[in-house]
Amino acid sequence: MIWWILGFLALALFALYLSITAGRLDRLHHRVETALASLDAQLLRRSAAVLDVASSGLVDPASSLVLADAAIAARNQPGDPRDRVVEESAVSAALNLMLGSCDDVAALSATPRGAQLCDALSGSVHRTAMSRRFYNDAVRACKAVRSKRLVRLFRLAGSAPWPVTVEMDDSIPEGFRGR
Amino acid sequence: MRVGIVCPYDWSAPGGVKAHVRDLADALIEMGHEVSVLAPSEGDELDEPYVVSAGKPVAVPYNGSVARVNFGVVAAARVRKWVKEGQFDVVHVHEPASPTIAVLTCWVSDGPLVATWHSSQDRSRAMSAAYYILQTAMEKIDGRIAVSEKARQTLVENVGGDAVLIPNGVACRNFEKPDLLEGFPRTGPTLLFLGRIDEPRKGLPILLEALRAVVEVHPDLLLLVAGPGDNEEVQEELGPELAERVAFLGLISEAEKVAAFKSADIYIAPNTGGESFGIVLLESMAAGTPVIASDIEAFSLVLENGSAGALFENENPKSLSNSIIDLLDDPIEQGRLIEEGIRRAFEFDWSSVARDVVRVYESVIQPGVKVQADFSGQFLGRISGRSE
């Protein structure tokens with residue numbers, strides 16, 4: 001009799017563990033999704049800010065062209081950030097090339113309009129890097145739980161897709177560091 | 001933006017994390033954000049109108065020292081109430097991996113959550129034992145901040161994951177008050193040392209050794225030693241030639257610290273290591289007092305390799321005494337260091353630190369989403385939720 005009770009208790013505890021883990025996993029998937037949406041929003045804001053600078057007439061025509069070209073390519077690429085890492089990295093590269101040094105940024109922010117554009121761009125460059133870090137962090141946490149044997153055995157993740165990190169160049173141009 | 005900040009330690013007692021939270025809250029309010037701070041506190045009468053008490057703290061032995069914190073059923077209920085009524089766009093907890101209301105807040109809230117890691121500690125047994133529970137709370141954090149590289153390491157080793165580095169700030173305008181200590185100004189140069197007297201890492205023995213050479217050139221010199229610790233032993237070692245030249249102030253308040261900076265001609269930081277950042281150096285510079293510091297990595301960084309303050313060779317009393325004598329004899333260099341110091345300190349002013357923190361908030365908040373009190377994901381929560 002005692003074994004029956006113990007067995008039942010063990011089973012109940014096990015079921016409880018599975019239930020808690022499923023709840024935990026659900027929350028983690030939600031976190032991955034919202035982090036991805038945030039990253040998407042920040043990237044869109046960044047390319048918009050780059051376009052603003054390119055069309056402001058405050059930078060030389062050649063730089064304008066390179067910046068606008070990269071930003072438009074990123075904006076036209078369909079899908080979420082995972083599908084456009086190449087294009088978004090190209091935006092970062094263009095920024096580093098055209099507004100990379102402290103002198104470039106100082107020259108652009110010499111006028112009030114330029115300073116405004118610079119602040120907006122600097123803000124979104126920093127936020128983009130943070131968002132990506134937070135997204136990858138969420139992915140890592142989610143993967144850690146999903147790769148547990150019991151989670152796979154009992155298919156606790158359901159049909160949710162396996163999360164993947166976003167690997168792209170989002171280095172902060174030197175001129176924007178500490179701004 | 002409506003921001004809810006959780007300070008895990010007693011609000012009525014001074015402390016690093018508390019000061020950080022207060023300065024951050026002040027800077028955010030100045031930027032036009034609405035802020036509510038939840039913290040344990042002894043009394044109900046608090047200087048800051050934005051602080052909500054989470055109840056009386058109790059002394060708990062944790063991680064080798066005694067923390068004044070609160071937790072338990074009553075604290076959890078207060079946290080829930082605060083989250084529920086706050087309508088926050090983002091909740092920001094400090095030191096989440098500690099047995100305090102910080103981890104409780106992570107546990108009961110659902111929505112954009114940011115956390116800052118302050119201390120560096122080795123992975124503790126308690127943390128390993130409570131790993132599963134801790135992990136389920138930590139997993140809810142959307143944005144992680146570490147105040148130093150060491151704090152970031154702690155986070156990576158204990159809970160995994162990554163964090164953005166945002167160093168501590170200096171509330172520069174708090175160091176602009178012109179008040180001096182009693183009996184000041186005096187004739188003759190004044191030096192200042194801050195830190196525990198009986199902790200060799202803070203470097204007082206090196207400074208005293210260097211002082212013997214300095215008093216030969218400047219017999220009217222006075223060294224102010226401010227900090228807790230038993231000074232009898234140190235006093236005995238001073239000997240007759242130094243006994244009159246050193247004054248012990250004991251543990252001083254925040255206001256007295258500002259006055260001490262203002263009263264001194266030079267602040268000396270002879271720390272031999274173990275410093276992750278030189279916040280005190282920046283405070284001295286903000287007060288307009290030039291700094292001479294050991295050339296350990298953290299200090300070299302803050303002093304821009306010697307251009308914003310003088311550096312001497314670590315653990316070398318001779319090098320220190322030379323630096324002191326050189327600077328005391330050179331008013332032009334003093335003037336330059338004061339100017340450069342103020343400029344450098346403002347780079348770490350809370351206004352720029354708060355701007356970076358707001359960027360973290362902006363990258364985790366979701367339009368139209370407020371932080372909710374949530375217990376539903378947890379088994380215990382489901383039980384206690386039903387009893388409501």
# chains A, B, ... in the order shown; residues from 1 in each chain; ligands from 1
$ closest_atom_pairs --of "chain A" --to "chain B" --cutoff "6 Å" --atoms "only C-alpha atoms" --output "Markdown table"
| residue | atom | partner | partner_atom | distance |
| --- | --- | --- | --- | --- |
| A:Gly23 | CA | B:Gly377 | CA | 5.8 |
| A:Arg127 | CA | B:Arg359 | CA | 5.8 |
| A:Ser131 | CA | B:Ser363 | CA | 5.5 |
| A:Phe134 | CA | B:Gly143 | CA | 5.7 |
| A:Asp137 | CA | B:Gly161 | CA | 5.5 |
$ write_last_selection --atoms "N, CA and C atoms" --output "PDB file, in the first residue's frame"
ATOM      1  N   GLY A  23       5.110  25.912 -18.348  1.00  0.00           N
ATOM      2  CA  GLY A  23       4.764  27.311 -18.124  1.00  0.00           C
ATOM      3  C   GLY A  23       5.974  28.218 -18.318  1.00  0.00           C
ATOM      4  N   ARG A 127      20.477  51.763 -29.110  1.00  0.00           N
ATOM      5  CA  ARG A 127      19.339  50.899 -28.768  1.00  0.00           C
ATOM      6  C   ARG A 127      19.337  49.626 -29.602  1.00  0.00           C
ATOM      7  N   SER A 131      19.179  46.007 -28.034  1.00  0.00           N
ATOM      8  CA  SER A 131      18.055  45.125 -28.374  1.00  0.00           C
ATOM      9  C   SER A 131      18.547  43.776 -28.863  1.00  0.00           C
ATOM     10  N   PHE A 134      19.809  41.755 -25.994  1.00  0.00           N
ATOM     11  CA  PHE A 134      18.713  41.241 -25.168  1.00  0.00           C
ATOM     12  C   PHE A 134      17.984  40.100 -25.888  1.00  0.00           C
ATOM     13  N   ASP A 137      20.089  37.035 -25.748  1.00  0.00           N
ATOM     14  CA  ASP A 137      20.048  36.539 -24.376  1.00  0.00           C
ATOM     15  C   ASP A 137      18.780  35.713 -24.139  1.00  0.00           C
TER      16      ASP A 137
END
$ select_by_dssp --residues "range 132-360 of chain B" --states "helix (DSSP H, G or I)" --output "MDAnalysis selection string"
chainID B and resid 132:138 149:158 172:175 200:202 204:217 232:238 240:243 254:263 279:286 297:302 304:306 317:328 331:347 350:360
$ residues_around --residues "range 50-61 of chain A" --least-positions-apart "6" --cutoff "9 Å" --atoms "only C-alpha atoms" --output "PyMOL selection string"
chain A and resi 67-72+91+95+107-108+111+113-114+117-118+121
$ write_last_selection --atoms "C-alpha atoms" --output "short mmCIF file (atom, residue, chain, number, x, y, z; two decimals), in the first residue's frame"
data_model
loop_
_atom_site.label_atom_id
_atom_site.label_comp_id
_atom_site.auth_asym_id
_atom_site.auth_seq_id
_atom_site.Cartn_x
_atom_site.Cartn_y
_atom_site.Cartn_z
CA LEU A 67 23.95 55.79 -46.57
CA ALA A 68 20.65 56.00 -48.43
CA ASP A 69 21.45 52.97 -50.56
CA ALA A 70 22.23 50.78 -47.53
CA ALA A 71 19.21 52.01 -45.56
CA ILE A 72 16.77 51.50 -48.45
CA VAL A 91 23.88 49.75 -42.81
CA LEU A 95 27.61 54.28 -40.87
CA ALA A 107 30.96 68.26 -38.26
CA LEU A 108 27.43 66.97 -38.73
CA THR A 111 24.15 72.95 -37.03
CA ARG A 113 19.28 70.45 -37.37
CA GLY A 114 22.40 68.30 -37.70
CA LEU A 117 19.69 64.18 -36.46
CA CYS A 118 22.87 63.05 -34.75
CA LEU A 121 20.83 58.43 -34.92
#
$ atom_distance --atom1 "CA of Ala308 in chain B" --atom2 "CA of Gly100 in chain A"
25.8 Å
$ atom_distance --atom1 "CA of Asp169 in chain A" --atom2 "CA of Arg31 in chain A"
22.8 Å
$ atom_distance --atom1 "CA of Pro112 in chain A" --atom2 "CA of Gly32 in chain B"
22.1 Å
$ closest_atom_pairs --of "range 109-210 of chain B" --to "range 94-104 of chain B" --cutoff "9 Å" --atoms "only C-alpha atoms" --output "Markdown table"
| residue | atom | partner | partner_atom | distance |
| --- | --- | --- | --- | --- |
| B:Ser109 | CA | B:Leu104 | CA | 8.5 |
| B:Val114 | CA | B:His94 | CA | 8.6 |
| B:Ala115 | CA | B:His94 | CA | 5.6 |
| B:Thr116 | CA | B:His94 | CA | 4.8 |
| B:Trp117 | CA | B:Glu95 | CA | 5.0 |
| B:His118 | CA | B:Glu95 | CA | 6.0 |
| B:Ser119 | CA | B:Glu95 | CA | 7.6 |
| B:Met127 | CA | B:Ala97 | CA | 8.3 |
| B:Leu134 | CA | B:Ala97 | CA | 7.2 |
| B:Ala137 | CA | B:Val103 | CA | 6.8 |
| B:Met138 | CA | B:Pro96 | CA | 7.6 |
| B:Leu155 | CA | B:Ala97 | CA | 8.7 |
| B:Asn158 | CA | B:Ala97 | CA | 8.8 |
| B:Val159 | CA | B:Ala97 | CA | 8.6 |
$ closest_residue --among "A:Ser101, A:Thr128, A:Ser63, A:Ser19" --to "Ser47 in chain A" --atoms "only C-alpha atoms"
A:Thr128
$ residues_around --residues "His30 in chain A" --least-positions-apart "2" --cutoff "12 Å" --atoms "only C-alpha atoms" --output "NGL selection string"
(:A and (23-28 or 32-37 or 135 or 138-139 or 141-142 or 157 or 160 or 163)) or (:B and (110-112 or 139-140 or 142))
$ write_last_selection --atoms "C-alpha atoms" --output "PDB file, in the first residue's frame"
ATOM      1  CA  GLY A  23       4.764  27.311 -18.124  1.00  0.00           C
ATOM      2  CA  ARG A  24       8.330  28.476 -17.921  1.00  0.00           C
ATOM      3  CA  LEU A  25       8.960  27.565 -21.534  1.00  0.00           C
ATOM      4  CA  ASP A  26       5.842  29.372 -22.634  1.00  0.00           C
ATOM      5  CA  ARG A  27       7.060  32.518 -20.930  1.00  0.00           C
ATOM      6  CA  LEU A  28      10.490  32.186 -22.504  1.00  0.00           C
ATOM      7  CA  VAL A  32      11.932  35.718 -27.429  1.00  0.00           C
ATOM      8  CA  GLU A  33       9.033  36.971 -29.547  1.00  0.00           C
ATOM      9  CA  THR A  34       8.754  40.359 -27.865  1.00  0.00           C
ATOM     10  CA  ALA A  35      12.537  40.808 -27.942  1.00  0.00           C
ATOM     11  CA  LEU A  36      12.526  40.068 -31.663  1.00  0.00           C
ATOM     12  CA  ALA A  37       9.711  42.579 -32.205  1.00  0.00           C
ATOM     13  CA  TYR A 135      17.176  39.177 -27.974  1.00  0.00           C
ATOM     14  CA  ALA A 138      16.400  35.497 -24.514  1.00  0.00           C
ATOM     15  CA  VAL A 139      17.222  32.945 -27.220  1.00  0.00           C
ATOM     16  CA  ALA A 141      17.729  31.170 -22.050  1.00  0.00           C
ATOM     17  CA  CYS A 142      15.038  29.538 -24.171  1.00  0.00           C
ATOM     18  CA  ALA A 157       7.755  23.179 -26.516  1.00  0.00           C
ATOM     19  CA  ALA A 160       7.144  26.506 -31.397  1.00  0.00           C
ATOM     20  CA  PRO A 163      14.882  29.959 -31.650  1.00  0.00           C
TER      21      PRO A 163
ATOM     22  CA  ASP B 110       4.889  40.257 -15.857  1.00  0.00           C
ATOM     23  CA  GLY B 111       5.989  42.784 -18.448  1.00  0.00           C
ATOM     24  CA  PRO B 112       9.083  44.776 -19.412  1.00  0.00           C
ATOM     25  CA  GLU B 139      14.444  34.324 -16.920  1.00  0.00           C
ATOM     26  CA  LYS B 140      11.819  37.032 -16.827  1.00  0.00           C
ATOM     27  CA  ASP B 142      14.290  41.398 -20.528  1.00  0.00           C
TER      28      ASP B 142
END
$ residues_around --residues "Leu282 in chain B" --least-positions-apart "2" --cutoff "9 Å" --atoms "only C-alpha atoms" --output "list in words"
Gly169, Val170, Cys172, Gly278, Ile279, Val280, Ser284, Met285, Ala286, Ala287, Val291, Val302, Leu303, Gly341, Ile342, Arg344, Ala345, Phe346 and Phe348 of chain B
$ residues_around --residues "Ala106 in chain A" --least-positions-apart "4" --cutoff "8 Å" --atoms "only C-alpha atoms" --output "list in words"
Cys102, Ala110 and Gly175 of chain A
$ residues_around --residues "range 15-18 of chain A" --least-positions-apart "3" --cutoff "8 Å" --atoms "only C-alpha atoms" --output "list in words"
Leu11, Ala12, Thr21, Ala22, Val151 and Leu156 of chain A
$ write_last_selection --atoms "C-alpha atoms" --output "CSV table (one decimal), in the first residue's frame"
chain,number,residue,atom,x,y,z
A,11,LEU,CA,4.0,10.7,-10.3
A,12,ALA,CA,2.2,13.8,-9.1
A,21,THR,CA,8.5,23.7,-16.9
A,22,ALA,CA,5.9,24.0,-19.7
A,151,VAL,CA,11.5,18.8,-22.4
A,156,LEU,CA,6.8,20.5,-24.0
